[in-house]
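Have a look at protein.csv; it's CSV, C-alpha atoms and all ligand atoms:
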```csv
chain,number,residue,atom,x,y,z
A,1,MET,CA,123.0,100.2,94.1
A,2,LYS,CA,122.5,97.8,91.2
A,3,ASP,CA,123.3,100.1,88.3
A,4,LEU,CA,125.0,103.4,87.6
A,5,LEU,CA,122.6,105.3,85.3
A,6,SER,CA,122.7,108.8,86.7
A,7,ILE,CA,124.2,110.5,89.7
A,8,ALA,CA,120.6,111.2,90.7
A,9,ASP,CA,120.3,107.6,91.8
A,10,LEU,CA,123.2,107.9,94.3
A,11,THR,CA,123.2,109.2,97.9
A,12,GLU,CA,126.0,111.4,99.2
A,13,GLU,CA,127.1,108.5,101.4
A,14,GLU,CA,127.4,106.2,98.3
A,15,ILE,CA,129.4,108.8,96.4
A,16,LEU,CA,131.8,109.4,99.4
A,17,ARG,CA,132.2,105.6,99.7
A,18,LEU,CA,133.2,105.4,96.1
A,19,PHE,CA,135.8,108.2,96.6
A,20,ILE,CA,137.4,106.4,99.6
A,21,ARG,CA,137.5,103.2,97.6
A,22,THR,CA,139.0,105.1,94.6
A,23,LYS,CA,141.7,106.6,96.8
A,24,GLU,CA,142.6,103.2,98.3
A,25,LEU,CA,142.8,101.5,94.9
A,26,LYS,CA,144.9,104.4,93.6
A,27,GLU,CA,147.3,104.2,96.5
A,28,ARG,CA,147.7,100.5,96.3
A,29,LYS,CA,148.6,100.8,92.6
A,30,LYS,CA,151.1,103.5,93.4
A,31,ARG,CA,152.7,101.2,95.9
A,32,GLY,CA,153.2,98.6,93.2
A,33,GLU,CA,150.1,96.4,93.4
A,34,LYS,CA,149.3,96.6,89.7
A,35,VAL,CA,146.7,93.7,89.7
A,36,ILE,CA,144.3,93.4,92.7
A,37,PRO,CA,142.2,90.4,91.8
A,38,LEU,CA,138.9,91.5,93.3
A,39,LEU,CA,137.0,90.6,90.1
A,40,SER,CA,138.8,87.5,89.0
A,41,GLY,CA,136.7,85.5,86.5
A,42,LYS,CA,134.3,88.4,85.9
A,43,VAL,CA,133.6,89.9,82.5
A,44,LEU,CA,132.4,93.3,81.6
A,45,GLY,CA,130.7,93.9,78.2
A,46,MET,CA,131.3,97.4,76.8
A,47,LEU,CA,128.8,98.5,74.2
A,48,PHE,CA,129.7,101.7,72.4
A,49,ARG,CA,127.5,103.5,69.9
A,50,LYS,CA,129.8,106.6,70.0
A,51,ALA,CA,133.6,107.1,70.0
A,52,SER,CA,135.6,106.9,73.2
A,53,THR,CA,139.2,107.1,74.3
A,54,ARG,CA,139.2,107.6,78.1
A,55,THR,CA,136.0,105.7,79.0
A,56,ARG,CA,136.6,102.7,76.9
A,57,ILE,CA,140.3,102.3,77.8
A,58,SER,CA,140.0,103.1,81.5
A,59,PHE,CA,137.2,100.5,82.0
A,60,GLU,CA,139.0,97.9,79.9
A,61,VAL,CA,142.3,98.4,81.8
A,62,GLY,CA,140.4,98.7,85.1
A,63,MET,CA,138.9,95.2,84.5
A,64,PHE,CA,142.3,93.8,83.7
A,65,GLU,CA,143.8,95.4,86.8
A,66,LEU,CA,141.0,93.8,88.9
A,67,GLY,CA,141.8,90.4,87.6
A,68,GLY,CA,138.7,90.2,85.2
A,69,GLY,CA,138.2,90.7,81.5
A,70,ALA,CA,136.4,93.1,79.2
A,71,ILE,CA,134.8,92.6,75.8
A,72,PHE,CA,134.4,95.6,73.5
A,73,LEU,CA,131.1,95.5,71.7
A,74,SER,CA,130.6,97.8,68.8
A,75,ASP,CA,126.9,98.3,68.0
A,76,GLU,CA,127.6,97.8,64.3
A,77,ASP,CA,128.9,94.2,65.0
A,78,LEU,CA,125.9,93.2,67.1
A,79,GLN,CA,122.4,92.2,65.9
A,80,LEU,CA,121.2,95.4,67.5
A,81,SER,CA,122.2,97.1,64.2
A,82,ARG,CA,119.9,94.7,62.3
A,83,GLY,CA,116.9,95.4,64.5
A,84,GLU,CA,117.2,93.0,67.5
A,85,THR,CA,115.5,94.6,70.4
A,86,ILE,CA,117.2,96.1,73.5
A,87,SER,CA,115.1,93.8,75.7
A,88,ASP,CA,116.2,90.6,73.9
A,89,THR,CA,119.8,91.8,73.7
A,90,ALA,CA,119.8,92.8,77.4
A,91,LYS,CA,118.3,89.5,78.5
A,92,VAL,CA,120.8,87.4,76.5
A,93,LEU,CA,123.9,89.4,77.4
A,94,SER,CA,122.8,89.1,81.1
A,95,SER,CA,123.4,85.3,80.9
A,96,TYR,CA,127.0,85.7,79.6
A,97,LEU,CA,128.3,88.9,81.3
A,98,ASP,CA,128.7,90.1,84.9
A,99,GLY,CA,128.1,93.7,84.0
A,100,ILE,CA,127.7,96.0,81.0
A,101,LEU,CA,128.9,99.5,80.2
A,102,ILE,CA,126.9,101.4,77.6
A,103,ARG,CA,127.7,104.6,75.7
A,104,THR,CA,124.9,105.7,73.5
A,105,PHE,CA,122.6,108.5,72.4
A,106,GLU,CA,119.3,108.1,74.3
A,107,GLN,CA,119.3,107.9,78.1
A,108,LYS,CA,116.2,105.7,77.8
A,109,GLU,CA,118.3,103.0,76.0
A,110,VAL,CA,120.6,102.8,79.0
A,111,GLU,CA,117.5,102.7,81.3
A,112,ASP,CA,115.8,100.0,79.2
A,113,PHE,CA,119.0,97.9,79.3
A,114,ALA,CA,118.9,98.1,83.1
A,115,LYS,CA,115.2,97.2,83.1
A,116,TYR,CA,115.6,94.1,81.1
A,117,SER,CA,118.9,92.8,82.4
A,118,ASN,CA,119.8,91.3,85.7
A,119,ILE,CA,123.4,92.4,85.7
A,120,PRO,CA,124.7,95.9,86.6
A,121,VAL,CA,124.4,98.5,83.9
A,122,ILE,CA,126.8,101.4,83.8
A,123,ASN,CA,126.1,104.6,81.8
A,124,GLY,CA,129.3,105.4,80.0
A,125,LEU,CA,127.7,108.6,78.5
A,126,SER,CA,124.4,109.3,77.0
A,127,ASN,CA,123.0,112.5,75.5
A,128,VAL,CA,121.8,113.5,78.9
A,129,TYR,CA,124.3,112.2,81.5
A,130,HIS,CA,128.0,111.3,82.0
A,131,PRO,CA,128.1,110.0,85.6
A,132,CYS,CA,131.4,108.2,85.5
A,133,GLN,CA,133.2,111.3,84.2
A,134,VAL,CA,131.7,113.6,86.8
A,135,LEU,CA,132.2,111.2,89.7
A,136,SER,CA,135.8,111.1,88.8
A,137,ASP,CA,136.0,114.9,88.5
A,138,TYR,CA,134.5,115.4,92.0
A,139,PHE,CA,136.9,112.8,93.3
A,140,THR,CA,139.8,114.8,91.8
A,141,LEU,CA,138.6,117.9,93.6
A,142,TRP,CA,137.8,116.0,96.8
A,143,GLU,CA,141.3,114.6,96.8
A,144,LYS,CA,143.1,117.7,95.8
A,145,ARG,CA,141.5,120.5,97.9
A,146,GLY,CA,138.3,119.1,99.5
A,147,LEU,CA,134.8,120.0,98.5
A,148,LYS,CA,134.0,122.3,101.5
A,149,ASP,CA,133.1,125.8,100.4
A,150,LEU,CA,134.0,125.0,96.8
A,151,LYS,CA,132.7,127.4,94.2
A,152,LEU,CA,132.6,125.6,90.8
A,153,THR,CA,131.7,127.4,87.6
A,154,PHE,CA,130.7,125.6,84.4
A,155,ILE,CA,131.0,127.6,81.2
A,156,GLY,CA,129.8,126.2,77.9
A,157,ASP,CA,127.1,123.8,76.7
A,158,GLY,CA,124.5,122.8,79.3
A,159,ASN,CA,124.7,119.2,78.1
A,160,ASN,CA,125.4,115.7,79.5
A,161,VAL,CA,128.6,116.6,81.4
A,162,CYS,CA,127.0,119.8,82.8
A,163,HIS,CA,123.9,117.9,83.8
A,164,SER,CA,125.9,115.4,85.8
A,165,LEU,CA,127.9,118.2,87.3
A,166,ILE,CA,124.7,119.8,88.5
A,167,LEU,CA,123.4,116.5,90.1
A,168,GLY,CA,126.8,115.9,91.7
A,169,ALA,CA,127.0,119.4,93.1
A,170,ASP,CA,123.6,119.0,94.6
A,171,LYS,CA,124.5,115.7,96.3
A,172,LEU,CA,127.9,116.9,97.5
A,173,GLY,CA,126.9,120.4,98.6
A,174,VAL,CA,129.1,122.2,96.1
A,175,ARG,CA,128.1,125.7,94.9
A,176,LEU,CA,127.8,125.6,91.1
A,177,SER,CA,127.3,128.5,88.6
A,178,VAL,CA,126.3,127.4,85.2
A,179,ILE,CA,127.1,129.9,82.5
A,180,THR,CA,125.7,129.1,79.0
A,181,PRO,CA,124.2,130.9,76.1
A,182,GLU,CA,120.4,131.3,76.5
A,183,GLU,CA,119.6,128.4,74.0
A,184,TYR,CA,122.0,126.0,75.6
A,185,GLN,CA,120.9,126.0,79.1
A,186,PRO,CA,120.6,122.6,81.0
A,187,LYS,CA,117.4,120.7,80.5
A,188,ARG,CA,114.5,121.6,82.9
A,189,GLU,CA,113.9,118.0,83.8
A,190,VAL,CA,117.4,117.7,85.1
A,191,ILE,CA,117.2,120.9,87.1
A,192,ALA,CA,113.9,119.7,88.6
A,193,LYS,CA,115.9,116.9,90.3
A,194,VAL,CA,118.0,119.4,92.3
A,195,LYS,CA,117.0,119.5,96.0
A,196,ASN,CA,119.1,122.4,97.1
A,197,LYS,CA,118.4,125.0,94.4
A,198,LYS,CA,120.0,127.9,96.3
A,199,ASN,CA,123.5,126.4,95.6
A,200,LEU,CA,122.8,126.5,91.8
A,201,ILE,CA,123.1,129.8,89.9
A,202,PHE,CA,122.4,130.3,86.2
A,203,SER,CA,123.8,133.1,84.0
A,204,THR,CA,124.7,133.9,80.4
A,205,ARG,CA,127.7,136.1,81.4
A,206,PRO,CA,131.0,134.3,82.1
A,207,GLU,CA,132.9,137.5,83.2
A,208,ASP,CA,130.5,138.0,86.2
A,209,PHE,CA,131.5,134.8,87.9
A,210,ILE,CA,135.2,134.4,87.2
A,211,LYS,CA,136.5,136.3,90.2
A,212,ASP,CA,134.6,134.2,92.8
A,213,SER,CA,135.3,130.8,91.2
A,214,ASP,CA,137.7,128.2,92.7
A,215,VAL,CA,137.3,126.0,89.7
A,216,VAL,CA,136.2,126.6,86.1
A,217,TYR,CA,135.0,123.6,84.0
A,218,THR,CA,134.2,123.5,80.3
A,219,ASP,CA,133.2,120.9,77.7
A,220,THR,CA,133.1,120.8,73.9
A,221,TRP,CA,130.5,123.1,72.2
A,222,VAL,CA,129.8,120.3,69.7
A,223,SER,CA,129.0,117.1,71.4
A,224,MET,CA,129.0,113.7,69.7
A,225,GLY,CA,125.8,113.6,67.6
A,226,ALA,CA,125.5,117.4,67.2
A,227,GLU,CA,128.1,117.7,64.4
A,228,ASN,CA,125.6,118.9,61.9
A,229,GLU,CA,125.0,122.0,64.1
A,230,ARG,CA,128.7,122.8,64.3
A,231,LYS,CA,128.6,126.1,62.4
A,232,LYS,CA,125.6,127.5,64.3
A,233,ARG,CA,127.1,126.4,67.6
A,234,LEU,CA,130.5,128.0,67.0
A,235,MET,CA,128.6,131.3,66.5
A,236,LYS,CA,126.3,131.0,69.5
A,237,PHE,CA,129.2,130.1,71.9
A,238,ASP,CA,131.4,133.0,70.8
A,239,GLY,CA,132.4,134.7,74.0
A,240,TYR,CA,132.3,131.5,76.2
A,241,GLN,CA,135.8,130.4,75.5
A,242,LEU,CA,138.2,129.8,78.5
A,243,ASN,CA,141.1,132.1,77.6
A,244,LYS,CA,143.6,134.3,79.2
A,245,LYS,CA,141.5,137.4,78.8
A,246,LEU,CA,138.6,135.9,80.7
A,247,PHE,CA,141.0,134.8,83.5
A,248,LYS,CA,142.3,138.3,84.1
A,249,LYS,CA,140.1,138.7,87.1
A,250,ALA,CA,140.4,135.1,88.4
A,251,LYS,CA,141.8,133.9,91.7
A,252,LYS,CA,145.5,133.1,91.5
A,253,ASN,CA,145.0,129.5,92.5
A,254,LEU,CA,142.0,128.9,90.1
A,255,LEU,CA,141.8,125.3,88.8
A,256,VAL,CA,140.7,124.6,85.2
A,257,MET,CA,138.9,121.4,84.3
A,258,HIS,CA,137.8,119.8,81.0
A,259,CYS,CA,136.4,116.3,80.6
A,260,LEU,CA,138.3,115.9,77.2
A,261,PRO,CA,138.4,115.5,74.3
A,262,ALA,CA,139.1,119.3,74.0
A,263,HIS,CA,138.5,121.2,70.8
A,264,ARG,CA,141.5,123.5,71.2
A,265,GLY,CA,140.9,127.0,70.0
A,266,GLU,CA,137.1,126.6,70.5
A,267,GLU,CA,135.9,126.2,74.1
A,268,ILE,CA,139.5,126.5,75.5
A,269,THR,CA,142.8,127.9,74.3
A,270,ASP,CA,146.1,126.0,74.2
A,271,GLU,CA,147.5,128.5,76.7
A,272,VAL,CA,144.8,127.7,79.3
A,273,ILE,CA,144.5,123.9,78.8
A,274,ASP,CA,148.3,123.5,78.9
A,275,GLY,CA,148.8,126.2,81.5
A,276,PRO,CA,149.6,125.9,85.3
A,277,SER,CA,146.0,126.1,86.4
A,278,SER,CA,144.9,123.1,84.3
A,279,ILE,CA,144.3,119.8,86.0
A,280,VAL,CA,142.8,118.0,82.9
A,281,LEU,CA,145.4,115.3,82.8
A,282,GLU,CA,144.9,114.5,86.5
A,283,GLN,CA,141.2,114.3,85.8
A,284,ALA,CA,141.7,111.9,82.9
A,285,ALA,CA,144.2,109.8,85.0
A,286,ASN,CA,141.7,109.5,87.9
A,287,ARG,CA,139.1,108.0,85.5
A,288,LEU,CA,140.9,104.6,85.8
A,289,HIS,CA,140.9,104.6,89.6
A,290,LEU,CA,137.3,105.7,89.9
A,291,GLN,CA,136.1,103.2,87.3
A,292,LYS,CA,137.7,100.5,89.3
A,293,ALA,CA,135.8,101.7,92.4
A,294,ILE,CA,132.6,101.6,90.4
A,295,LEU,CA,133.4,98.1,89.1
A,296,THR,CA,134.2,96.6,92.5
A,297,THR,CA,131.1,98.2,94.0
A,298,LEU,CA,128.7,96.9,91.3
A,299,LEU,CA,130.2,93.7,90.1
B,301,LIG,N1,135.8,112.2,78.8
B,301,LIG,C1,135.5,111.1,78.1
B,301,LIG,O1,134.5,110.5,78.4
B,301,LIG,O2,136.3,110.8,77.1
B,301,LIG,P1,136.1,109.7,76.0
B,301,LIG,O3,135.0,110.3,75.1
B,301,LIG,O4,137.4,109.6,75.3
B,301,LIG,O5,135.7,108.4,76.6
B,302,LIG,N1,129.7,116.5,75.9
B,302,LIG,C1,130.6,115.6,75.2
B,302,LIG,C2,131.4,114.9,76.2
B,302,LIG,C3,132.5,114.0,75.7
B,302,LIG,C4,133.1,113.2,76.8
B,302,LIG,C5,129.9,114.7,74.2
B,302,LIG,O1,128.8,114.2,74.5
B,302,LIG,O2,130.5,114.5,73.1
```
File written out as structure tokens:
Amino acid sequence: MKDLLSIADLTEEEILRLFIRTKELKERKKRGEKVIPLLSGKVLGMLFRKASTRTRISFEVGMFELGGGAIFLSDEDLQLSRGETISDTAKVLSSYLDGILIRTFEQKEVEDFAKYSNIPVINGLSNVYHPCQVLSDYFTLWEKRGLKDLKLTFIGDGNNVCHSLILGADKLGVRLSVITPEEYQPKREVIAKVKNKKNLIFSTRPEDFIKDSDVVYTDTWVSMGAENERKKRLMKFDGYQLNKKLFKKAKKNLLVMHCLPAHRGEEITDEVIDGPSSIVLEQAANRLHLQKAILTTLL
């Protein structure tokens, strides 16, 4: 494993190894070992072309807690914004940095970076995938209740987070129902990567799946870069909100997940996201531990 571009590139064994390492780092921190200098002297570059709260800060703090350093690189401040090529940028940055985290629009850009650089490249979200988020989310479920016989339902936009959930479910043997409006189904090329298709169900009707679900997951209806479609999307996603009415038929111990940032009152109500079933803050907190496991594995 040189890079982390997509969950498709990982084996089940590699994912479980990451989970065990995450758990160990999390427990050591809980016991008071704030800095574990496994990466002392190493520097991670963090190139962001989109906004971020969790990804940026968990990686930056993660590097600090591993004894290394991190440099935030805004695309506007780099020569990339004046037309320098990805290949030149990737080659040059490879000679300064020990790894690079990239959040951008096109998945191809992350892949090109990996192609031209000889340091590990980590996908911190593209329009197609969000592997760091989803690895952390499956870690949260693995730690909390185990993944055996888990029935996960994703309701919302079949976009980057949903795509990574699909690939993760396939690797980890989780049964996943993906409920989206017709026009917002996951991309065919992502579904084509799924080996065990019988564990993956598609529907446009949230109410049909709720009573069998152990976990319900949602994401914003208006992802970064889709802001100009906002009005149309709010109309198309009407009926896909996680709210109390939808949860009437749900299991008592249903868990609710969201990658955040949440658009309260759109894909999820305050009552649900702040309610007793919600584990969104636990998900967000685990990002730090999981990023540290990724960093120590790759760097
Ligand atoms: N979930 C997530 O990636 O959050 P940020 O956009 O704040 O990094
Ligand atoms: N689907 C969202 C995820 C944010 C973490 C987006 O791409 O904006």
For ligand LIG 301 (chain B), the nearest of the candidates A:Asn228, A:Ser213, A:Ser81, A:Gln133, counting all atoms listed in the file:
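Of all the options, A:Gln133 lies closest to ligand LIG 301 (chain B).
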Show which residues sit within 9 Å of range 155-169 of chain A, as a PyMOL selection string. Count only C-alpha atoms, and ignore same-chain residues fewer than 3 positions away.
chain A and resi 6-8+12+15+125-131+133-135+137-138+152+172-181+184-187+190-191+193-194+199-200+204+206+216-223+237+240-242+259+267
For range 43-54 of chain A, please output as an mmCIF file with C-alpha atoms, in the coordinates of the input all residues within 7 Å (counting only C-alpha atoms; exclusion window: fewer than 4 positions along the same chain).
```cif
data_model
loop_
_atom_site.group_PDB
_atom_site.id
_atom_site.type_symbol
_atom_site.label_atom_id
_atom_site.label_comp_id
_atom_site.auth_asym_id
_atom_site.auth_seq_id
_atom_site.Cartn_x
_atom_site.Cartn_y
_atom_site.Cartn_z
ATOM 1 C CA SER A 58 140.000 103.100 81.500
ATOM 2 C CA GLY A 68 138.700 90.200 85.200
ATOM 3 C CA GLY A 69 138.200 90.700 81.500
ATOM 4 C CA ALA A 70 136.400 93.100 79.200
ATOM 5 C CA ILE A 71 134.800 92.600 75.800
ATOM 6 C CA PHE A 72 134.400 95.600 73.500
ATOM 7 C CA LEU A 73 131.100 95.500 71.700
ATOM 8 C CA SER A 74 130.600 97.800 68.800
ATOM 9 C CA ASP A 75 126.900 98.300 68.000
ATOM 10 C CA LEU A 97 128.300 88.900 81.300
ATOM 11 C CA ASP A 98 128.700 90.100 84.900
ATOM 12 C CA GLY A 99 128.100 93.700 84.000
ATOM 13 C CA ILE A 100 127.700 96.000 81.000
ATOM 14 C CA LEU A 101 128.900 99.500 80.200
ATOM 15 C CA ILE A 102 126.900 101.400 77.600
ATOM 16 C CA ARG A 103 127.700 104.600 75.700
ATOM 17 C CA THR A 104 124.900 105.700 73.500
ATOM 18 C CA ALA A 284 141.700 111.900 82.900
#
```
Which residues, written as a ChimeraX atom specification, have at least one atom at most 10 Å from Asp112 in chain A, with all atoms listed in the file counted and residues fewer than 2 positions away on the same chain left out?
/A:86-87,90,107-110,114-117,121
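When only C-alpha atoms and all ligand atoms are used to compute distances to ligand LIG 302 (chain B), the closest of the residues A:Cys132, A:Leu141, A:Val215, A:Ala192 turns out to be A:Cys132.
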Hey, can you pull every residue with an atom no more than 12 Å from (143.7, 133.5, 92.9), using only C-alpha atoms, and send it as a compact mmCIF listing (two decimals) with C-alpha atoms, keeping the file's coordinate frame?
```txt
# COMPACT_ATOMS: atom_id res chain seq x y z
CA ILE A 210 135.20 134.40 87.20
CA LYS A 211 136.50 136.30 90.20
CA ASP A 212 134.60 134.20 92.80
CA SER A 213 135.30 130.80 91.20
CA ASP A 214 137.70 128.20 92.70
CA VAL A 215 137.30 126.00 89.70
CA PHE A 247 141.00 134.80 83.50
CA LYS A 248 142.30 138.30 84.10
CA LYS A 249 140.10 138.70 87.10
CA ALA A 250 140.40 135.10 88.40
CA LYS A 251 141.80 133.90 91.70
CA LYS A 252 145.50 133.10 91.50
CA ASN A 253 145.00 129.50 92.50
CA LEU A 254 142.00 128.90 90.10
CA LEU A 255 141.80 125.30 88.80
CA SER A 277 146.00 126.10 86.40
```
Can you write out as CSV which residues of range 228-298 of chain A fall within 12 Å of range 23-41 of chain A, alongside each residue's closest atom pair and its distance in Å to one decimal, counting only C-alpha atoms and ordering rows by chain and ascending residue number?
```
residue,atom,partner,partner_atom,distance
A:Ala285,CA,A:Lys26,CA,10.2
A:Asn286,CA,A:Lys26,CA,8.3
A:Arg287,CA,A:Lys26,CA,10.6
A:Leu288,CA,A:Lys26,CA,8.8
A:His289,CA,A:Lys26,CA,5.7
A:Leu290,CA,A:Lys23,CA,8.2
A:Gln291,CA,A:Leu25,CA,10.3
A:Lys292,CA,A:Leu25,CA,7.6
A:Ala293,CA,A:Leu25,CA,7.4
A:Ile294,CA,A:Leu25,CA,11.1
A:Leu295,CA,A:Leu39,CA,8.4
A:Thr296,CA,A:Leu38,CA,7.0
A:Thr297,CA,A:Leu38,CA,10.3
A:Leu298,CA,A:Leu39,CA,10.5
```
Emit the selected residues as a short mmCIF file (atom, residue, chain, number, x, y, z; two decimals), in the frame of the given file, including C-alpha atoms.
```
data_model
loop_
_atom_site.label_atom_id
_atom_site.label_comp_id
_atom_site.auth_asym_id
_atom_site.auth_seq_id
_atom_site.Cartn_x
_atom_site.Cartn_y
_atom_site.Cartn_z
CA ALA A 285 144.20 109.80 85.00
CA ASN A 286 141.70 109.50 87.90
CA ARG A 287 139.10 108.00 85.50
CA LEU A 288 140.90 104.60 85.80
CA HIS A 289 140.90 104.60 89.60
CA LEU A 290 137.30 105.70 89.90
CA GLN A 291 136.10 103.20 87.30
CA LYS A 292 137.70 100.50 89.30
CA ALA A 293 135.80 101.70 92.40
CA ILE A 294 132.60 101.60 90.40
CA LEU A 295 133.40 98.10 89.10
CA THR A 296 134.20 96.60 92.50
CA THR A 297 131.10 98.20 94.00
CA LEU A 298 128.70 96.90 91.30
#
```
Work out how far apart atom O1 of ligand LIG 301 (chain B) and CA of Leu260 in chain A are and give it in Å to one decimal.
6.7 Å
When you draw a straight line from CA of Thr85 in chain A to atom O1 of ligand LIG 301 (chain B), how long is it in Å?
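Calculated distance between CA of Thr85 in chain A and atom O1 of ligand LIG 301 (chain B) is 26.0 Å.
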Take CA of Ile279 in chain A and CA of Arg145 in chain A and report the distance between them in Å, one decimal.
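That distance, rounded to one decimal, is 12.2 Å.
Remark: for ligand LIG 301 (chain B), the closest of the candidate residues A:Ile268, A:Leu281, A:Ile57, A:Leu4 is A:Ile57 (distances computed over all atoms listed in the file).
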From A:Glu14, A:Asp88, A:Glu266, A:Asp208, residue lying nearest Thr153 in chain A [only C-alpha atoms]
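Using only C-alpha atoms, Thr153 in chain A sits closest to A:Asp208.
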Counting all atoms listed in the file, the residue of A:Pro276, A:Asp3, A:Arg205, A:Asp238 that sits nearest Phe113 in chain A:
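Checking each of A:Pro276, A:Asp3, A:Arg205, A:Asp238 against Phe113 in chain A, counting all atoms listed in the file, the winner is A:Asp3.
Remark: for Lys91 in chain A, the closest of the candidate residues A:Leu78, A:Leu66, A:Ile119, A:Ile273 is A:Ile119 (distances computed over only C-alpha atoms).
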How about completing range 130-136 of chain A with all heavy atoms and giving it to me as an mmCIF file, in the frame of the given file?
```cif
data_model
loop_
_atom_site.group_PDB
_atom_site.id
_atom_site.type_symbol
_atom_site.label_atom_id
_atom_site.label_comp_id
_atom_site.auth_asym_id
_atom_site.auth_seq_id
_atom_site.Cartn_x
_atom_site.Cartn_y
_atom_site.Cartn_z
ATOM 1 N N HIS A 130 126.666 111.960 82.024
ATOM 2 C CA HIS A 130 128.000 111.300 82.000
ATOM 3 C C HIS A 130 128.463 111.085 83.418
ATOM 4 O O HIS A 130 129.400 111.725 83.878
ATOM 5 C CB HIS A 130 128.956 112.176 81.169
ATOM 6 C CG HIS A 130 130.189 111.465 80.702
ATOM 7 N ND1 HIS A 130 130.426 110.121 80.966
ATOM 8 C CD2 HIS A 130 131.267 111.908 79.997
ATOM 9 C CE1 HIS A 130 131.588 109.784 80.437
ATOM 10 N NE2 HIS A 130 132.126 110.839 79.851
ATOM 11 N N PRO A 131 127.802 110.167 84.123
ATOM 12 C CA PRO A 131 128.100 110.000 85.600
ATOM 13 C C PRO A 131 129.496 109.589 85.907
ATOM 14 O O PRO A 131 130.064 110.081 86.887
ATOM 15 C CB PRO A 131 127.049 108.988 86.029
ATOM 16 C CG PRO A 131 126.621 108.261 84.796
ATOM 17 C CD PRO A 131 126.733 109.240 83.678
ATOM 18 N N CYS A 132 130.070 108.682 85.116
ATOM 19 C CA CYS A 132 131.400 108.200 85.500
ATOM 20 C C CYS A 132 132.443 109.311 85.371
ATOM 21 O O CYS A 132 133.335 109.428 86.216
ATOM 22 C CB CYS A 132 131.829 107.051 84.516
ATOM 23 S SG CYS A 132 130.706 105.663 84.582
ATOM 24 N N GLN A 133 132.307 110.159 84.370
ATOM 25 C CA GLN A 133 133.200 111.300 84.200
ATOM 26 C C GLN A 133 133.101 112.228 85.437
ATOM 27 O O GLN A 133 134.098 112.603 86.042
ATOM 28 C CB GLN A 133 132.789 112.092 82.958
ATOM 29 C CG GLN A 133 133.529 113.399 82.775
ATOM 30 C CD GLN A 133 134.982 113.171 82.390
ATOM 31 O OE1 GLN A 133 135.257 112.388 81.511
ATOM 32 N NE2 GLN A 133 135.903 113.840 83.057
ATOM 33 N N VAL A 134 131.890 112.558 85.768
ATOM 34 C CA VAL A 134 131.700 113.600 86.800
ATOM 35 C C VAL A 134 132.020 113.062 88.194
ATOM 36 O O VAL A 134 132.560 113.797 89.028
ATOM 37 C CB VAL A 134 130.264 114.167 86.654
ATOM 38 C CG1 VAL A 134 129.830 114.896 87.892
ATOM 39 C CG2 VAL A 134 130.242 115.101 85.443
ATOM 40 N N LEU A 135 131.761 111.786 88.437
ATOM 41 C CA LEU A 135 132.200 111.200 89.700
ATOM 42 C C LEU A 135 133.688 111.312 89.852
ATOM 43 O O LEU A 135 134.227 111.678 90.907
ATOM 44 C CB LEU A 135 131.716 109.769 89.868
ATOM 45 C CG LEU A 135 130.216 109.578 90.119
ATOM 46 C CD1 LEU A 135 129.824 108.113 89.967
ATOM 47 C CD2 LEU A 135 129.815 110.102 91.504
ATOM 48 N N SER A 136 134.368 111.012 88.763
ATOM 49 C CA SER A 136 135.800 111.100 88.800
ATOM 50 C C SER A 136 136.305 112.530 88.967
ATOM 51 O O SER A 136 137.283 112.781 89.672
ATOM 52 C CB SER A 136 136.314 110.484 87.454
ATOM 53 O OG SER A 136 137.666 110.668 87.310
#
```
